[in-house]
$ cat final31.pdb   # PDB, C-alpha atoms
ATOM      1  CA  MET N  19       4.621 -18.401 -34.451  1.00  0.00           C
ATOM      2  CA  THR N  20       4.775 -16.412 -31.217  1.00  0.00           C
ATOM      3  CA  GLN N  21       4.341 -12.682 -31.447  1.00  0.00           C
ATOM      4  CA  ALA N  22       6.723 -10.485 -29.494  1.00  0.00           C
ATOM      5  CA  PRO N  23       4.993  -8.474 -26.767  1.00  0.00           C
ATOM      6  CA  ALA N  24       4.258  -4.871 -27.628  1.00  0.00           C
ATOM      7  CA  PRO N  25       6.878  -2.490 -26.281  1.00  0.00           C
ATOM      8  CA  THR N  26       5.966  -0.747 -23.060  1.00  0.00           C
ATOM      9  CA  PRO N  27       5.236   2.900 -23.837  1.00  0.00           C
ATOM     10  CA  THR N  28       7.501   5.455 -22.233  1.00  0.00           C
ATOM     11  CA  PRO N  29       5.626   7.470 -19.593  1.00  0.00           C
ATOM     12  CA  LEU N  30       4.907  10.995 -20.714  1.00  0.00           C
ATOM     13  CA  HIS N  31       6.582  13.958 -19.092  1.00  0.00           C
ATOM     14  CA  TRP N  32       3.952  16.497 -17.988  1.00  0.00           C
ATOM     15  CA  LYS N  33       3.396  19.718 -16.097  1.00  0.00           C
ATOM     16  CA  LEU N  34       0.204  21.310 -14.875  1.00  0.00           C
ATOM     17  CA  VAL N  35      -0.271  24.751 -16.442  1.00  0.00           C
ATOM     18  CA  VAL N  36      -2.256  27.318 -14.469  1.00  0.00           C
ATOM     19  CA  ASP N  37      -3.514  30.587 -15.964  1.00  0.00           C
ATOM     20  CA  ALA N  38      -2.652  33.546 -13.759  1.00  0.00           C
ATOM     21  CA  GLY N  39      -2.961  37.302 -13.623  1.00  0.00           C
ATOM     22  CA  ASP N  40       0.344  37.486 -11.732  1.00  0.00           C
ATOM     23  CA  PRO N  41       2.382  34.319 -12.351  1.00  0.00           C
ATOM     24  CA  HIS N  42       5.189  35.252  -9.953  1.00  0.00           C
ATOM     25  CA  THR N  43       2.875  35.838  -6.998  1.00  0.00           C
ATOM     26  CA  GLN N  44       1.147  32.538  -7.770  1.00  0.00           C
ATOM     27  CA  ALA N  45       4.536  30.797  -7.992  1.00  0.00           C
ATOM     28  CA  ASP N  46       5.551  32.219  -4.613  1.00  0.00           C
ATOM     29  CA  PHE N  47       2.281  31.051  -3.045  1.00  0.00           C
ATOM     30  CA  TRP N  48       2.400  27.523  -4.498  1.00  0.00           C
ATOM     31  CA  ALA N  49       6.136  27.070  -3.870  1.00  0.00           C
ATOM     32  CA  ALA N  50       5.523  27.903  -0.204  1.00  0.00           C
ATOM     33  CA  ALA N  51       2.281  25.898  -0.039  1.00  0.00           C
ATOM     34  CA  LEU N  52       3.838  22.730  -1.489  1.00  0.00           C
ATOM     35  CA  HIS N  53       7.390  23.239  -0.172  1.00  0.00           C
ATOM     36  CA  TYR N  54       8.490  23.359  -3.826  1.00  0.00           C
ATOM     37  CA  THR N  55      11.233  25.426  -5.464  1.00  0.00           C
ATOM     38  CA  ALA N  56      10.630  28.226  -7.951  1.00  0.00           C
ATOM     39  CA  GLU N  57      12.596  27.428 -11.085  1.00  0.00           C
ATOM     40  CA  ASP N  58      15.638  29.575 -11.822  1.00  0.00           C
ATOM     41  CA  ASN N  59      15.686  30.130 -15.598  1.00  0.00           C
ATOM     42  CA  SER N  60      18.140  33.043 -15.355  1.00  0.00           C
ATOM     43  CA  ALA N  61      20.982  31.307 -17.262  1.00  0.00           C
ATOM     44  CA  LEU N  62      18.645  30.571 -20.174  1.00  0.00           C
ATOM     45  CA  ILE N  63      17.204  34.089 -20.078  1.00  0.00           C
ATOM     46  CA  GLU N  64      20.650  35.694 -20.075  1.00  0.00           C
ATOM     47  CA  GLN N  65      21.654  33.497 -23.025  1.00  0.00           C
ATOM     48  CA  LEU N  66      18.499  34.460 -24.956  1.00  0.00           C
ATOM     49  CA  LEU N  67      18.942  38.159 -24.149  1.00  0.00           C
ATOM     50  CA  SER N  68      22.586  38.192 -25.264  1.00  0.00           C
ATOM     51  CA  ALA N  69      21.665  36.394 -28.516  1.00  0.00           C
ATOM     52  CA  GLY N  70      18.915  38.941 -29.193  1.00  0.00           C
ATOM     53  CA  ALA N  71      16.323  36.154 -29.159  1.00  0.00           C
ATOM     54  CA  LEU N  72      14.390  37.641 -26.243  1.00  0.00           C
ATOM     55  CA  PRO N  73      13.543  41.315 -25.745  1.00  0.00           C
ATOM     56  CA  GLY N  74      14.298  42.812 -22.354  1.00  0.00           C
ATOM     57  CA  ALA N  75      10.622  43.731 -22.011  1.00  0.00           C
ATOM     58  CA  ALA N  76       9.832  40.005 -21.846  1.00  0.00           C
ATOM     59  CA  THR N  77      11.719  39.705 -18.558  1.00  0.00           C
ATOM     60  CA  VAL N  78      11.337  40.870 -14.967  1.00  0.00           C
ATOM     61  CA  GLU N  79      13.513  40.670 -11.890  1.00  0.00           C
ATOM     62  CA  TYR N  80      12.285  37.874  -9.624  1.00  0.00           C
ATOM     63  CA  HIS N  81      14.051  37.287  -6.305  1.00  0.00           C
ATOM     64  CA  GLY N  82      17.126  39.127  -7.561  1.00  0.00           C
ATOM     65  CA  ARG N  83      17.499  37.291 -10.858  1.00  0.00           C
ATOM     66  CA  PRO N  84      16.082  37.642 -14.371  1.00  0.00           C
ATOM     67  CA  ALA N  85      12.883  35.709 -15.046  1.00  0.00           C
ATOM     68  CA  PHE N  86      10.385  35.442 -17.863  1.00  0.00           C
ATOM     69  CA  ARG N  87       7.731  38.148 -17.453  1.00  0.00           C
ATOM     70  CA  ASP N  88       4.765  35.978 -18.388  1.00  0.00           C
ATOM     71  CA  LEU N  89       5.556  32.557 -16.974  1.00  0.00           C
ATOM     72  CA  ILE N  90       7.313  30.782 -14.162  1.00  0.00           C
ATOM     73  CA  ALA N  91       7.218  27.262 -12.808  1.00  0.00           C
ATOM     74  CA  VAL N  92       7.693  25.642  -9.433  1.00  0.00           C
ATOM     75  CA  ARG N  93       9.050  22.124  -9.065  1.00  0.00           C
ATOM     76  CA  HIS N  94       9.520  19.446  -6.447  1.00  0.00           C
ATOM     77  CA  PRO N  95      12.972  20.090  -4.923  1.00  0.00           C
ATOM     78  CA  ASP N  96      14.019  16.427  -5.218  1.00  0.00           C
ATOM     79  CA  ASP N  97      13.135  16.092  -8.903  1.00  0.00           C
ATOM     80  CA  PRO N  98      15.759  16.441 -11.631  1.00  0.00           C
ATOM     81  CA  TYR N  99      16.112  19.618 -13.668  1.00  0.00           C
ATOM     82  CA  ASP N 100      18.153  20.809 -16.625  1.00  0.00           C
ATOM     83  CA  PRO N 101      20.989  22.888 -15.142  1.00  0.00           C
ATOM     84  CA  ARG N 102      21.445  24.775 -18.460  1.00  0.00           C
ATOM     85  CA  THR N 103      17.874  26.093 -18.472  1.00  0.00           C
ATOM     86  CA  GLY N 104      16.667  25.626 -14.880  1.00  0.00           C
ATOM     87  CA  THR N 105      13.633  23.756 -16.243  1.00  0.00           C
ATOM     88  CA  GLY N 106      12.325  20.959 -14.050  1.00  0.00           C
ATOM     89  CA  LEU N 107      12.089  17.446 -15.422  1.00  0.00           C
ATOM     90  CA  GLY N 108       9.586  16.112 -12.908  1.00  0.00           C
ATOM     91  CA  ARG N 109       6.613  17.350 -10.883  1.00  0.00           C
ATOM     92  CA  ARG N 110       5.930  20.956 -11.908  1.00  0.00           C
ATOM     93  CA  LEU N 111       3.305  23.674 -11.887  1.00  0.00           C
ATOM     94  CA  LEU N 112       3.729  26.330 -14.577  1.00  0.00           C
ATOM     95  CA  PHE N 113       1.978  29.667 -14.105  1.00  0.00           C
ATOM     96  CA  GLN N 114       1.333  31.611 -17.315  1.00  0.00           C
ATOM     97  CA  ARG N 115       0.032  35.171 -17.539  1.00  0.00           C
ATOM     98  CA  VAL N 116      -3.402  35.590 -19.125  1.00  0.00           C
ATOM     99  CA  PRO N 117      -5.359  38.843 -19.428  1.00  0.00           C
ATOM    100  CA  GLU N 118      -8.694  37.552 -18.122  1.00  0.00           C
ATOM    101  CA  THR N 119      -9.504  36.739 -14.498  1.00  0.00           C
ATOM    102  CA  LYS N 120     -10.906  33.464 -13.264  1.00  0.00           C
ATOM    103  CA  THR N 121     -14.643  33.377 -13.956  1.00  0.00           C
ATOM    104  CA  ALA N 122     -15.943  29.911 -13.036  1.00  0.00           C
ATOM    105  CA  LYS N 123     -15.271  26.836 -10.933  1.00  0.00           C
ATOM    106  CA  ASN N 124     -12.049  24.967 -11.697  1.00  0.00           C
ATOM    107  CA  ARG N 125     -12.371  21.864 -13.868  1.00  0.00           C
ATOM    108  CA  LEU N 126      -9.154  20.560 -12.321  1.00  0.00           C
ATOM    109  CA  HIS N 127      -7.738  21.148  -8.862  1.00  0.00           C
ATOM    110  CA  LEU N 128      -5.001  20.026  -6.486  1.00  0.00           C
ATOM    111  CA  ASP N 129      -5.668  17.962  -3.387  1.00  0.00           C
ATOM    112  CA  LEU N 130      -3.102  18.525  -0.640  1.00  0.00           C
ATOM    113  CA  HIS N 131      -2.810  15.618   1.790  1.00  0.00           C
ATOM    114  CA  THR N 132      -1.650  16.363   5.317  1.00  0.00           C
ATOM    115  CA  GLY N 133      -0.549  13.961   8.003  1.00  0.00           C
ATOM    116  CA  ARG N 134      -3.063  12.645  10.486  1.00  0.00           C
ATOM    117  CA  GLY N 135      -4.385  15.476  12.661  1.00  0.00           C
ATOM    118  CA  GLU N 136      -2.371  18.134  10.793  1.00  0.00           C
ATOM    119  CA  ARG N 137      -5.151  19.575   8.618  1.00  0.00           C
ATOM    120  CA  PRO N 138      -6.107  22.520  10.907  1.00  0.00           C
ATOM    121  CA  ALA N 139      -2.497  23.689  11.191  1.00  0.00           C
ATOM    122  CA  GLU N 140      -1.962  23.305   7.446  1.00  0.00           C
ATOM    123  CA  VAL N 141      -5.134  25.269   6.660  1.00  0.00           C
ATOM    124  CA  ALA N 142      -3.924  28.034   8.986  1.00  0.00           C
ATOM    125  CA  ARG N 143      -0.470  28.026   7.340  1.00  0.00           C
ATOM    126  CA  LEU N 144      -1.986  28.244   3.849  1.00  0.00           C
ATOM    127  CA  ALA N 145      -4.298  31.054   4.946  1.00  0.00           C
ATOM    128  CA  ALA N 146      -1.275  32.952   6.281  1.00  0.00           C
ATOM    129  CA  LEU N 147       0.298  32.555   2.821  1.00  0.00           C
ATOM    130  CA  GLY N 148      -2.733  34.207   1.198  1.00  0.00           C
ATOM    131  CA  ALA N 149      -5.269  31.402   0.650  1.00  0.00           C
ATOM    132  CA  ARG N 150      -8.790  31.602   1.996  1.00  0.00           C
ATOM    133  CA  VAL N 151     -11.185  28.964   3.267  1.00  0.00           C
ATOM    134  CA  LEU N 152     -14.247  28.554   1.038  1.00  0.00           C
ATOM    135  CA  HIS N 153     -15.958  25.814   3.043  1.00  0.00           C
ATOM    136  CA  GLU N 154     -15.407  22.704   5.101  1.00  0.00           C
ATOM    137  CA  VAL N 155     -16.695  19.333   3.930  1.00  0.00           C
ATOM    138  CA  ASN N 156     -17.713  16.563   6.305  1.00  0.00           C
ATOM    139  CA  GLU N 157     -19.215  13.624   4.425  1.00  0.00           C
ATOM    140  CA  PRO N 158     -19.337   9.865   4.943  1.00  0.00           C
ATOM    141  CA  SER N 159     -16.552   9.621   2.328  1.00  0.00           C
ATOM    142  CA  GLY N 160     -14.242  11.922   4.308  1.00  0.00           C
ATOM    143  CA  GLU N 161     -13.465  15.368   5.600  1.00  0.00           C
ATOM    144  CA  TRP N 162     -11.552  18.161   3.893  1.00  0.00           C
ATOM    145  CA  VAL N 163     -11.365  21.911   3.554  1.00  0.00           C
ATOM    146  CA  VAL N 164     -11.944  23.641   0.230  1.00  0.00           C
ATOM    147  CA  MET N 165      -9.678  26.654  -0.125  1.00  0.00           C
ATOM    148  CA  ALA N 166      -8.828  29.209  -2.818  1.00  0.00           C
ATOM    149  CA  ASP N 167      -5.344  30.431  -3.697  1.00  0.00           C
ATOM    150  CA  PRO N 168      -4.648  34.183  -3.988  1.00  0.00           C
ATOM    151  CA  GLU N 169      -6.265  34.314  -7.469  1.00  0.00           C
ATOM    152  CA  GLY N 170      -9.311  32.249  -6.495  1.00  0.00           C
ATOM    153  CA  ASN N 171      -8.295  28.824  -7.829  1.00  0.00           C
ATOM    154  CA  GLU N 172      -9.880  26.157  -5.647  1.00  0.00           C
ATOM    155  CA  PHE N 173      -7.927  23.357  -3.991  1.00  0.00           C
ATOM    156  CA  CYS N 174      -8.666  20.904  -1.200  1.00  0.00           C
ATOM    157  CA  VAL N 175      -6.773  20.153   1.995  1.00  0.00           C
ATOM    158  CA  HIS N 176      -7.339  16.624   3.266  1.00  0.00           C
TER     159      HIS N 176
END
$ encode --input "final31.pdb" --output "structure tokens"
Amino acid sequence: MTQAPAPTPTPLHWKLVVDAGDPHTQADFWAAALHYTAEDNSALIEQLLSAGALPGAATVEYHGRPAFRDLIAVRHPDDPYDPRTGTGLGRRLLFQRVPETKTAKNRLHLDLHTGRGERPAEVARLAALGARVLHEVNEPSGEWVVMADPEGNEFCVH
């Protein structure tokens, strides 16, 4: 008797969550850095406010529209999203407010890959957005620049 092959598991939907002191400033930086789009959750927020399910104090104005005070995500502009909520259904970074500041080296970080010969210009662009260069790496395995975003989270530019 032949056994049927096991079903292929459905890939998991995921987002990378980043703790932040100021989620909206972080969202602005990373949306610009990655050429992503800040999610517009205003329709969902207005629905929750009108239903009394969300207090007004839990919201802020962000780029002229209501937003959650303590979290905001950025998403790849080509990825799908739920038009009712504005929530991305693909590649996303979610910034959530936490009271403590960053205290140690990241255990996880983003690597940004530039085109050939474009690293210096990209590093300069990211610095103009508020990142800072921590150090440059030149090893037999490759070259890259280690940078920190406005709240000190490290990332690499290859």
$ closest_residue --input "final31.pdb" --among "N:Ser159, N:Leu147, N:His131, N:Glu136" --to "Val175 (chain N)" --atoms "all atoms listed in the file"
N:His131
$ closest_residue --input "final31.pdb" --among "N:Arg137, N:Val78, N:Leu72, N:Ala51" --to "Glu161 (chain N)" --atoms "only C-alpha atoms"
N:Arg137
$ atom_distance --input "final31.pdb" --atom1 "CA of Asp167 (chain N)" --atom2 "CA of Ala145 (chain N)"
8.7 Å
$ resolve_selection --input "final31.pdb" --expression "the PyMOL selection byres ((chain N and resi 126) around 12)" --output "list in words"
Leu34, Val35, Val36, Ala122, Lys123, Asn124, Arg125, His127, Leu128, Asp129, Asn171, Glu172, Phe173 and Cys174 of chain N
$ closest_residue --input "final31.pdb" --among "N:Ala85, N:Leu130, N:Ala149, N:Ala22" --to "Leu67 (chain N)" --atoms "only C-alpha atoms"
N:Ala85
$ decode --input "final31.pdb" --residues "region 51-82 of chain N" --atoms "N, CA and C atoms" --output "PDB file, in the first residue's frame"
ATOM      1  N   ALA N  51      14.234  54.641   4.053  1.00  0.00           N
ATOM      2  CA  ALA N  51      15.443  53.842   3.824  1.00  0.00           C
ATOM      3  C   ALA N  51      15.190  52.697   2.852  1.00  0.00           C
ATOM      4  N   LEU N  52      14.051  52.022   2.989  1.00  0.00           N
ATOM      5  CA  LEU N  52      13.754  50.842   2.177  1.00  0.00           C
ATOM      6  C   LEU N  52      12.895  51.148   0.956  1.00  0.00           C
ATOM      7  N   HIS N  53      12.458  52.395   0.811  1.00  0.00           N
ATOM      8  CA  HIS N  53      11.493  52.768  -0.230  1.00  0.00           C
ATOM      9  C   HIS N  53      10.189  51.990  -0.022  1.00  0.00           C
ATOM     10  N   TYR N  54       9.790  51.862   1.237  1.00  0.00           N
ATOM     11  CA  TYR N  54       8.551  51.195   1.626  1.00  0.00           C
ATOM     12  C   TYR N  54       7.467  52.253   1.843  1.00  0.00           C
ATOM     13  N   THR N  55       6.276  51.800   2.176  1.00  0.00           N
ATOM     14  CA  THR N  55       5.127  52.655   2.420  1.00  0.00           C
ATOM     15  C   THR N  55       4.673  52.481   3.862  1.00  0.00           C
ATOM     16  N   ALA N  56       4.478  53.585   4.564  1.00  0.00           N
ATOM     17  CA  ALA N  56       3.899  53.500   5.908  1.00  0.00           C
ATOM     18  C   ALA N  56       2.438  53.089   5.752  1.00  0.00           C
ATOM     19  N   GLU N  57       2.020  52.122   6.557  1.00  0.00           N
ATOM     20  CA  GLU N  57       0.645  51.649   6.465  1.00  0.00           C
ATOM     21  C   GLU N  57      -0.335  52.731   6.910  1.00  0.00           C
ATOM     22  N   ASP N  58      -1.461  52.784   6.230  1.00  0.00           N
ATOM     23  CA  ASP N  58      -2.536  53.717   6.568  1.00  0.00           C
ATOM     24  C   ASP N  58      -3.659  52.910   7.217  1.00  0.00           C
ATOM     25  N   ASN N  59      -3.704  52.926   8.545  1.00  0.00           N
ATOM     26  CA  ASN N  59      -4.734  52.195   9.292  1.00  0.00           C
ATOM     27  C   ASN N  59      -5.893  53.106   9.680  1.00  0.00           C
ATOM     28  N   SER N  60      -6.003  54.273   9.058  1.00  0.00           N
ATOM     29  CA  SER N  60      -6.983  55.272   9.495  1.00  0.00           C
ATOM     30  C   SER N  60      -8.423  54.775   9.401  1.00  0.00           C
ATOM     31  N   ALA N  61      -8.784  54.003   8.384  1.00  0.00           N
ATOM     32  CA  ALA N  61     -10.162  53.499   8.280  1.00  0.00           C
ATOM     33  C   ALA N  61     -10.489  52.587   9.460  1.00  0.00           C
ATOM     34  N   LEU N  62      -9.562  51.711   9.812  1.00  0.00           N
ATOM     35  CA  LEU N  62      -9.757  50.828  10.960  1.00  0.00           C
ATOM     36  C   LEU N  62      -9.846  51.638  12.247  1.00  0.00           C
ATOM     37  N   ILE N  63      -8.974  52.611  12.408  1.00  0.00           N
ATOM     38  CA  ILE N  63      -8.955  53.428  13.617  1.00  0.00           C
ATOM     39  C   ILE N  63     -10.260  54.203  13.759  1.00  0.00           C
ATOM     40  N   GLU N  64     -10.732  54.795  12.675  1.00  0.00           N
ATOM     41  CA  GLU N  64     -11.992  55.534  12.728  1.00  0.00           C
ATOM     42  C   GLU N  64     -13.154  54.609  13.079  1.00  0.00           C
ATOM     43  N   GLN N  65     -13.141  53.396  12.558  1.00  0.00           N
ATOM     44  CA  GLN N  65     -14.177  52.413  12.881  1.00  0.00           C
ATOM     45  C   GLN N  65     -14.124  52.053  14.373  1.00  0.00           C
ATOM     46  N   LEU N  66     -12.919  51.814  14.893  1.00  0.00           N
ATOM     47  CA  LEU N  66     -12.767  51.461  16.303  1.00  0.00           C
ATOM     48  C   LEU N  66     -13.149  52.620  17.215  1.00  0.00           C
ATOM     49  N   LEU N  67     -12.785  53.834  16.833  1.00  0.00           N
ATOM     50  CA  LEU N  67     -13.146  55.016  17.626  1.00  0.00           C
ATOM     51  C   LEU N  67     -14.666  55.194  17.673  1.00  0.00           C
ATOM     52  N   SER N  68     -15.313  55.077  16.511  1.00  0.00           N
ATOM     53  CA  SER N  68     -16.769  55.293  16.474  1.00  0.00           C
ATOM     54  C   SER N  68     -17.527  54.200  17.222  1.00  0.00           C
ATOM     55  N   ALA N  69     -16.951  53.002  17.309  1.00  0.00           N
ATOM     56  CA  ALA N  69     -17.584  51.898  18.044  1.00  0.00           C
ATOM     57  C   ALA N  69     -17.267  51.958  19.530  1.00  0.00           C
ATOM     58  N   GLY N  70     -16.403  52.896  19.940  1.00  0.00           N
ATOM     59  CA  GLY N  70     -16.012  52.995  21.335  1.00  0.00           C
ATOM     60  C   GLY N  70     -15.034  51.913  21.763  1.00  0.00           C
ATOM     61  N   ALA N  71     -14.447  51.225  20.799  1.00  0.00           N
ATOM     62  CA  ALA N  71     -13.510  50.137  21.095  1.00  0.00           C
ATOM     63  C   ALA N  71     -12.075  50.619  21.239  1.00  0.00           C
ATOM     64  N   LEU N  72     -11.839  51.885  20.956  1.00  0.00           N
ATOM     65  CA  LEU N  72     -10.491  52.445  21.048  1.00  0.00           C
ATOM     66  C   LEU N  72     -10.608  53.857  21.607  1.00  0.00           C
ATOM     67  N   PRO N  73      -9.916  54.145  22.701  1.00  0.00           N
ATOM     68  CA  PRO N  73      -9.976  55.520  23.225  1.00  0.00           C
ATOM     69  C   PRO N  73      -9.167  56.466  22.337  1.00  0.00           C
ATOM     70  N   GLY N  74      -9.622  57.708  22.276  1.00  0.00           N
ATOM     71  CA  GLY N  74      -8.908  58.704  21.482  1.00  0.00           C
ATOM     72  C   GLY N  74      -7.466  58.872  21.901  1.00  0.00           C
ATOM     73  N   ALA N  75      -7.178  58.656  23.187  1.00  0.00           N
ATOM     74  CA  ALA N  75      -5.805  58.792  23.683  1.00  0.00           C
ATOM     75  C   ALA N  75      -4.869  57.735  23.103  1.00  0.00           C
ATOM     76  N   ALA N  76      -5.419  56.701  22.493  1.00  0.00           N
ATOM     77  CA  ALA N  76      -4.599  55.648  21.897  1.00  0.00           C
ATOM     78  C   ALA N  76      -4.241  55.963  20.446  1.00  0.00           C
ATOM     79  N   THR N  77      -4.576  57.185  20.002  1.00  0.00           N
ATOM     80  CA  THR N  77      -4.297  57.566  18.627  1.00  0.00           C
ATOM     81  C   THR N  77      -3.483  58.852  18.573  1.00  0.00           C
ATOM     82  N   VAL N  78      -2.849  59.078  17.450  1.00  0.00           N
ATOM     83  CA  VAL N  78      -2.141  60.322  17.160  1.00  0.00           C
ATOM     84  C   VAL N  78      -2.444  60.681  15.710  1.00  0.00           C
ATOM     85  N   GLU N  79      -2.130  61.911  15.342  1.00  0.00           N
ATOM     86  CA  GLU N  79      -2.206  62.277  13.933  1.00  0.00           C
ATOM     87  C   GLU N  79      -0.848  61.987  13.325  1.00  0.00           C
ATOM     88  N   TYR N  80      -0.833  61.283  12.225  1.00  0.00           N
ATOM     89  CA  TYR N  80       0.408  60.898  11.539  1.00  0.00           C
ATOM     90  C   TYR N  80       0.219  61.192  10.055  1.00  0.00           C
ATOM     91  N   HIS N  81       0.959  62.150   9.551  1.00  0.00           N
ATOM     92  CA  HIS N  81       0.863  62.570   8.151  1.00  0.00           C
ATOM     93  C   HIS N  81      -0.573  62.909   7.770  1.00  0.00           C
ATOM     94  N   GLY N  82      -1.257  63.626   8.689  1.00  0.00           N
ATOM     95  CA  GLY N  82      -2.594  64.122   8.398  1.00  0.00           C
ATOM     96  C   GLY N  82      -3.719  63.122   8.547  1.00  0.00           C
TER      97      GLY N  82
END
